[in-house]
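The structure appears below as structure tokens.
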Amino acid sequence: MTDTQNSNTLRVFITGGAQGLGFALAQHYVKMEAKVCIADIDDAQGIKSLEQLQAHAPESRYLHCDVRQADDLHTAAATLKAEWGGIDVVVNNAGVAQVGAIEDVTEADWQWIIDINLMGVVRGCHAFVPMMKAQQSGTIINVASMAGLLDVPMMSAYNSTKAAVVSLSETLHNELADDGIHVSVVCPSFFRTNLGSSMRTTVPGMHNTLDKLMSKSDLNAEDVAAFIVSASEKGHFYLLPHSRGRRIWTLKRWLPRAWYSAMIRKQSRGLRKK
């Protein structure tokens with residue numbers, strides 16, 4: 001935790017903060033008596049979520065923010081600088097999903113998911129890093145996925161964007177350290193969230209499959225949020241909440257590629273048959 005965070009009330013900005021993991025993080029930070037600003041493209045849900053936060057923390061804020069629009073993020077940074085004097089934690093959480101065989105996913109869908117999952121994180125960092133550099137303190141938490149570390153078939157677009165977020169975070173972890181800025185990257189597996197509501201897929205029945213996978217998780221959004229906040233405050237870089245995901249990632253790094261690939265193909269055979 002930075003000196004700014006120790007001496008003052010924690011100031012937190014979360015994209016995709018109106019629901020799912022973003023809102024769970026907001027609720028967790030509010031319980032820590034932080035000032036929280038949630039940002040989202042869904043204004044109706046954003047206002048509802050803000051009302052819940054303000055019941056416990058009246059200083060909570062909501063800002064409309066489309067991470068595809070750089071101006072929205074720069075406006076958010078300027079607003080919080082003016083009203084709060086700076087920011088301590090930025091959570092680049094907004095994201096979408098895409099599932100389909102490589103020959104079925106259109107170039108338009110590739111551009112859509114890259115613009116949100118990767119460039120949304122880039123824009124968030126671009127908007128807030130100058131403020132953090134001026135403060136010589138801050139924490140950036142980029143939400144990727146186990147999909148960014150593993151390589152499940154039928155998810156090339158999603159996997160690629162999340163892998164890029166991991167690489168971006170690894171780079172910034174080194175690049176920003178001397179400026180007093182800590183970077184973490186979150187790689188959760190499936191858990192109950194709202195990812196399916198915006199998912200694009202060419203695979204029949206995929207929404208039902210995703211729902212089943214999420215419902216089997218031993219962690220919910222609140223569990224994942226608590227893990228993220230705790231691990232980030234301890235200065236950890238890779239934040240992998242799910243124990244099974246951690247085990248598979250270890251196998252990928254240590255097993256011969258042929259053995260690991262055989263395991264992944266076997267586990268994903270049902271998805272590929274669809």
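Going through the structure tokens in order, the chains are called A, B, and so on, while each chain numbers its residues from 1 and the ligands are numbered from 1 in the order shown.
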
If we count only C-alpha atoms, what is near segment 136-142 of chain A at a cut-off of 9 Å, once residues fewer than 2 positions away on the same chain are taken out, given as a PyMOL selection string? chain A and resi 1-5+87-93+121+125+129+131-134+144+165-166+169+178-186+228+232-233

Once you have the residues from the selection above, write them out as a PDB file, in the first residue's frame, restricted to C-alpha atoms.
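After the write, result-v4.pdb holds the following:
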```pdb
ATOM      1  CA  MET A   1       0.000   0.000   0.000  1.00  0.00           C
ATOM      2  CA  THR A   2       1.333   3.457  -0.876  1.00  0.00           C
ATOM      3  CA  ASP A   3       2.027   6.294   1.555  1.00  0.00           C
ATOM      4  CA  THR A   4      -0.897   8.213   0.057  1.00  0.00           C
ATOM      5  CA  GLN A   5      -3.190   5.296   0.829  1.00  0.00           C
ATOM      6  CA  ILE A  87      -6.691   8.704  -7.172  1.00  0.00           C
ATOM      7  CA  ASP A  88      -5.079   5.792  -5.354  1.00  0.00           C
ATOM      8  CA  VAL A  89      -6.494   2.705  -7.089  1.00  0.00           C
ATOM      9  CA  VAL A  90      -7.638   2.302 -10.697  1.00  0.00           C
ATOM     10  CA  VAL A  91      -9.341  -0.981 -11.572  1.00  0.00           C
ATOM     11  CA  ASN A  92      -9.552  -1.546 -15.326  1.00  0.00           C
ATOM     12  CA  ASN A  93     -12.349  -4.098 -15.107  1.00  0.00           C
ATOM     13  CA  VAL A 121      -7.308  -1.062 -20.347  1.00  0.00           C
ATOM     14  CA  CYS A 125      -3.828   3.526 -17.937  1.00  0.00           C
ATOM     15  CA  VAL A 129      -0.936   7.176 -15.008  1.00  0.00           C
ATOM     16  CA  MET A 131      -1.821  11.667 -12.143  1.00  0.00           C
ATOM     17  CA  MET A 132      -0.225   8.760 -10.319  1.00  0.00           C
ATOM     18  CA  LYS A 133       3.224   9.746 -11.543  1.00  0.00           C
ATOM     19  CA  ALA A 134       2.669  13.256 -10.219  1.00  0.00           C
ATOM     20  CA  ALA A 144      -7.579 -10.174 -17.410  1.00  0.00           C
ATOM     21  CA  VAL A 165      -3.688  -7.485 -20.928  1.00  0.00           C
ATOM     22  CA  VAL A 166      -1.361  -9.838 -19.043  1.00  0.00           C
ATOM     23  CA  SER A 169       0.459  -5.445 -17.098  1.00  0.00           C
ATOM     24  CA  ASP A 178      10.278   3.667 -10.082  1.00  0.00           C
ATOM     25  CA  ASP A 179       7.315   6.074 -10.069  1.00  0.00           C
ATOM     26  CA  GLY A 180       5.859   4.438  -6.963  1.00  0.00           C
ATOM     27  CA  ILE A 181       3.040   2.809  -8.925  1.00  0.00           C
ATOM     28  CA  HIS A 182       2.196  -0.838  -8.284  1.00  0.00           C
ATOM     29  CA  VAL A 183       0.521  -2.912 -10.995  1.00  0.00           C
ATOM     30  CA  SER A 184      -1.412  -6.171 -10.547  1.00  0.00           C
ATOM     31  CA  VAL A 185      -3.137  -8.371 -13.117  1.00  0.00           C
ATOM     32  CA  VAL A 186      -6.185 -10.456 -12.190  1.00  0.00           C
ATOM     33  CA  ILE A 228      -8.145  -9.166  -5.363  1.00  0.00           C
ATOM     34  CA  SER A 232      -3.053  -6.388  -4.368  1.00  0.00           C
ATOM     35  CA  GLU A 233      -2.498  -4.640  -1.039  1.00  0.00           C
TER      36      GLU A 233
END
```

Tell me, as a PyMOL selection string, which residues lie within 9 Å of Val152 of chain A, counting only C-alpha atoms; anything in the same chain fewer than 6 positions away does not count. chain A and resi 159+264-265+267-268

Selected residues written out, N, CA and C atoms, as a PDB file, in the first residue's frame:
```pdb
ATOM      1  N   ASN A 159      -9.198 -15.070 -25.689  1.00  0.00           N
ATOM      2  CA  ASN A 159      -7.889 -15.437 -25.144  1.00  0.00           C
ATOM      3  C   ASN A 159      -6.815 -14.419 -25.530  1.00  0.00           C
ATOM      4  N   ILE A 264      -5.776 -30.189 -22.214  1.00  0.00           N
ATOM      5  CA  ILE A 264      -6.681 -29.105 -22.571  1.00  0.00           C
ATOM      6  C   ILE A 264      -7.679 -29.562 -23.639  1.00  0.00           C
ATOM      7  N   ARG A 265      -7.199 -30.301 -24.630  1.00  0.00           N
ATOM      8  CA  ARG A 265      -8.086 -30.777 -25.691  1.00  0.00           C
ATOM      9  C   ARG A 265      -9.145 -31.715 -25.140  1.00  0.00           C
ATOM     10  N   GLN A 267     -10.346 -31.772 -22.027  1.00  0.00           N
ATOM     11  CA  GLN A 267     -11.275 -31.038 -21.191  1.00  0.00           C
ATOM     12  C   GLN A 267     -12.216 -30.153 -21.997  1.00  0.00           C
ATOM     13  N   SER A 268     -11.781 -29.719 -23.175  1.00  0.00           N
ATOM     14  CA  SER A 268     -12.607 -28.798 -23.976  1.00  0.00           C
ATOM     15  C   SER A 268     -13.301 -29.504 -25.149  1.00  0.00           C
TER      16      SER A 268
END
```

Within segment 150-184 of chain A, find each residue whose DSSP state, derived from the backbone, is strand (DSSP E), and express the selection as a list in words.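 Matching residues for strand (DSSP E) in segment 150-184 of chain A are Ile181, His182, Val183 and Ser184 of chain A.
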
When you look at Lys162 of chain A with a cut-off of 8 Å (counting only C-alpha atoms), what residues show up, excluding the ones that are within fewer than 6 positions of it in the same chain? I need them as a list in words.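 These residues fall inside the cut-off: Asn117, Leu118, Ala144, Ser145, Ala147 and Gly148 of chain A.
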
Every residue of segment 10-231 of chain A that DSSP places in helix (DSSP H, G or I), as JSON, numbers by chain: {"A": [20, 21, 22, 23, 24, 25, 26, 27, 28, 29, 30, 31, 43, 44, 45, 46, 47, 48, 49, 50, 51, 52, 53, 54, 70, 71, 72, 73, 74, 75, 76, 77, 78, 79, 80, 81, 82, 83, 84, 107, 108, 109, 110, 111, 112, 113, 114, 115, 116, 117, 118, 119, 120, 121, 122, 123, 124, 125, 126, 127, 128, 129, 130, 131, 132, 133, 134, 135, 146, 147, 148, 156, 157, 158, 159, 160, 161, 162, 163, 164, 165, 166, 167, 168, 169, 170, 171, 172, 173, 174, 175, 177, 178, 179, 195, 196, 197, 198, 206, 207, 208, 209, 210, 211, 212, 213, 214, 215, 221, 222, 223, 224, 225, 226, 227, 228, 229, 230, 231]}

For the residues in the current selection, export C-alpha atoms as a tab-separated table (two decimals), in the first residue's frame.
```
chain	number	residue	atom	x	y	z
A	20	GLY	CA	-20.67	-8.13	-11.55
A	21	LEU	CA	-17.08	-8.17	-10.31
A	22	GLY	CA	-16.75	-4.39	-10.64
A	23	PHE	CA	-19.64	-3.76	-8.27
A	24	ALA	CA	-18.43	-6.45	-5.87
A	25	LEU	CA	-15.08	-4.65	-5.75
A	26	ALA	CA	-16.85	-1.34	-5.15
A	27	GLN	CA	-18.80	-2.82	-2.24
A	28	HIS	CA	-15.63	-4.30	-0.77
A	29	TYR	CA	-13.76	-0.99	-0.95
A	30	VAL	CA	-16.74	0.85	0.55
A	31	LYS	CA	-16.61	-1.51	3.53
A	43	ASP	CA	-26.39	4.47	-16.76
A	44	ALA	CA	-29.62	2.94	-15.43
A	45	GLN	CA	-27.75	0.17	-13.64
A	46	GLY	CA	-25.06	2.62	-12.61
A	47	ILE	CA	-27.56	4.81	-10.76
A	48	LYS	CA	-29.10	1.79	-9.02
A	49	SER	CA	-25.68	0.56	-7.92
A	50	LEU	CA	-24.67	4.03	-6.77
A	51	GLU	CA	-27.74	4.23	-4.52
A	52	GLN	CA	-26.65	1.00	-2.83
A	53	LEU	CA	-23.12	2.32	-2.32
A	54	GLN	CA	-24.26	5.71	-1.05
A	70	ALA	CA	-10.66	7.93	-24.55
A	71	ASP	CA	-12.38	11.23	-23.73
A	72	ASP	CA	-14.64	9.48	-21.19
A	73	LEU	CA	-11.66	8.17	-19.26
A	74	HIS	CA	-9.73	11.43	-19.41
A	75	THR	CA	-12.85	13.26	-18.21
A	76	ALA	CA	-13.14	10.81	-15.31
A	77	ALA	CA	-9.50	11.40	-14.37
A	78	ALA	CA	-9.92	15.17	-14.50
A	79	THR	CA	-13.15	15.02	-12.48
A	80	LEU	CA	-11.65	12.92	-9.70
A	81	LYS	CA	-8.52	15.05	-9.63
A	82	ALA	CA	-10.67	18.15	-9.16
A	83	GLU	CA	-13.04	16.63	-6.60
A	84	TRP	CA	-10.83	14.21	-4.68
A	107	GLU	CA	-13.11	-9.32	-38.21
A	108	ALA	CA	-15.72	-6.91	-36.82
A	109	ASP	CA	-16.05	-9.06	-33.69
A	110	TRP	CA	-12.27	-9.16	-33.33
A	111	GLN	CA	-12.13	-5.38	-33.52
A	112	TRP	CA	-15.02	-5.08	-31.04
A	113	ILE	CA	-13.40	-7.23	-28.37
A	114	ILE	CA	-9.94	-5.73	-28.85
A	115	ASP	CA	-11.38	-2.22	-28.53
A	116	ILE	CA	-12.96	-3.06	-25.17
A	117	ASN	CA	-10.82	-5.73	-23.51
A	118	LEU	CA	-7.40	-4.48	-24.54
A	119	MET	CA	-7.71	-0.87	-25.62
A	120	GLY	CA	-10.11	-0.14	-22.75
A	121	VAL	CA	-7.31	-1.06	-20.35
A	122	VAL	CA	-4.77	0.92	-22.38
A	123	ARG	CA	-7.03	3.98	-22.30
A	124	GLY	CA	-7.57	3.64	-18.56
A	125	CYS	CA	-3.83	3.53	-17.94
A	126	HIS	CA	-3.20	6.39	-20.35
A	127	ALA	CA	-5.72	8.59	-18.54
A	128	PHE	CA	-4.68	7.91	-14.94
A	129	VAL	CA	-0.94	7.18	-15.01
A	130	PRO	CA	0.09	10.86	-15.34
A	131	MET	CA	-1.82	11.67	-12.14
A	132	MET	CA	-0.22	8.76	-10.32
A	133	LYS	CA	3.22	9.75	-11.54
A	134	ALA	CA	2.67	13.26	-10.22
A	135	GLN	CA	1.63	11.76	-6.86
A	146	MET	CA	-7.20	-17.34	-16.86
A	147	ALA	CA	-7.97	-17.28	-20.59
A	148	GLY	CA	-4.98	-14.97	-20.87
A	156	SER	CA	-9.13	-17.24	-29.82
A	157	ALA	CA	-10.39	-13.65	-29.77
A	158	TYR	CA	-11.09	-13.59	-26.03
A	159	ASN	CA	-7.89	-15.44	-25.14
A	160	SER	CA	-5.81	-13.08	-27.28
A	161	THR	CA	-7.15	-9.92	-25.68
A	162	LYS	CA	-6.70	-11.25	-22.17
A	163	ALA	CA	-3.17	-12.47	-22.95
A	164	ALA	CA	-2.42	-8.97	-24.21
A	165	VAL	CA	-3.69	-7.48	-20.93
A	166	VAL	CA	-1.36	-9.84	-19.04
A	167	SER	CA	1.58	-8.74	-21.21
A	168	LEU	CA	0.67	-5.06	-20.87
A	169	SER	CA	0.46	-5.45	-17.10
A	170	GLU	CA	3.80	-7.24	-16.93
A	171	THR	CA	5.37	-4.40	-18.89
A	172	LEU	CA	3.83	-1.66	-16.75
A	173	HIS	CA	4.79	-3.50	-13.57
A	174	ASN	CA	8.41	-2.87	-14.56
A	175	GLU	CA	7.92	0.47	-16.29
A	177	ALA	CA	7.83	0.78	-10.39
A	178	ASP	CA	10.28	3.67	-10.08
A	179	ASP	CA	7.31	6.07	-10.07
A	195	LEU	CA	-20.09	-11.63	-18.58
A	196	GLY	CA	-22.63	-13.65	-20.55
A	197	SER	CA	-24.98	-10.68	-20.99
A	198	SER	CA	-22.66	-9.07	-23.55
A	206	MET	CA	-22.99	-21.35	-25.56
A	207	HIS	CA	-24.92	-19.06	-23.21
A	208	ASN	CA	-26.31	-22.10	-21.40
A	209	THR	CA	-22.87	-23.72	-21.31
A	210	LEU	CA	-21.34	-20.58	-19.83
A	211	ASP	CA	-24.09	-20.36	-17.24
A	212	LYS	CA	-23.41	-23.95	-16.16
A	213	LEU	CA	-19.65	-23.33	-15.92
A	214	MET	CA	-20.15	-20.21	-13.82
A	215	SER	CA	-22.67	-21.88	-11.53
A	221	ALA	CA	-17.97	-12.30	-7.17
A	222	GLU	CA	-17.63	-11.19	-3.55
A	223	ASP	CA	-15.03	-13.90	-2.88
A	224	VAL	CA	-13.04	-12.89	-5.96
A	225	ALA	CA	-13.24	-9.19	-5.03
A	226	ALA	CA	-11.97	-9.86	-1.50
A	227	PHE	CA	-9.08	-11.91	-2.88
A	228	ILE	CA	-8.15	-9.17	-5.36
A	229	VAL	CA	-8.08	-6.38	-2.79
A	230	SER	CA	-6.14	-8.39	-0.24
A	231	ALA	CA	-3.55	-9.76	-2.70
```

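For the choices A:Val12, A:Ala18, A:Met155, A:Leu150, the atom-to-atom distance to Ala34 of chain A is smallest for A:Val12 when using only C-alpha atoms.
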
For a test of reading the model, state the distance in Å between atom CA of Ala94 of chain A and atom CA of Arg247 of chain A, rounded to one decimal. 26.2 Å

For a quick check of understanding, using only C-alpha atoms, which of A:Pro58, A:Met154, A:Val67, A:Pro256 has the smallest distance to Ala97 of chain A?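 So, comparing all the options, the nearest one is A:Met154.
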
Of the candidates A:Ala55, A:Thr9, A:Leu219, A:Ile14, which shows the shortest atom-to-atom distance to Leu240 of chain A, using only C-alpha atoms?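 The shortest atom-to-atom distance to Leu240 of chain A comes from A:Leu219.
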
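Minimum distance to Ser60 of chain A across A:Ile41, A:Leu10, A:Pro153, A:Ser261 (counting only C-alpha atoms) occurs at A:Leu10.
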
Between A:Ala101, A:Leu149, A:Leu63, A:Ala39, which is the closest to Thr250 of chain A once you count only C-alpha atoms?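 Closest candidate: A:Leu149.
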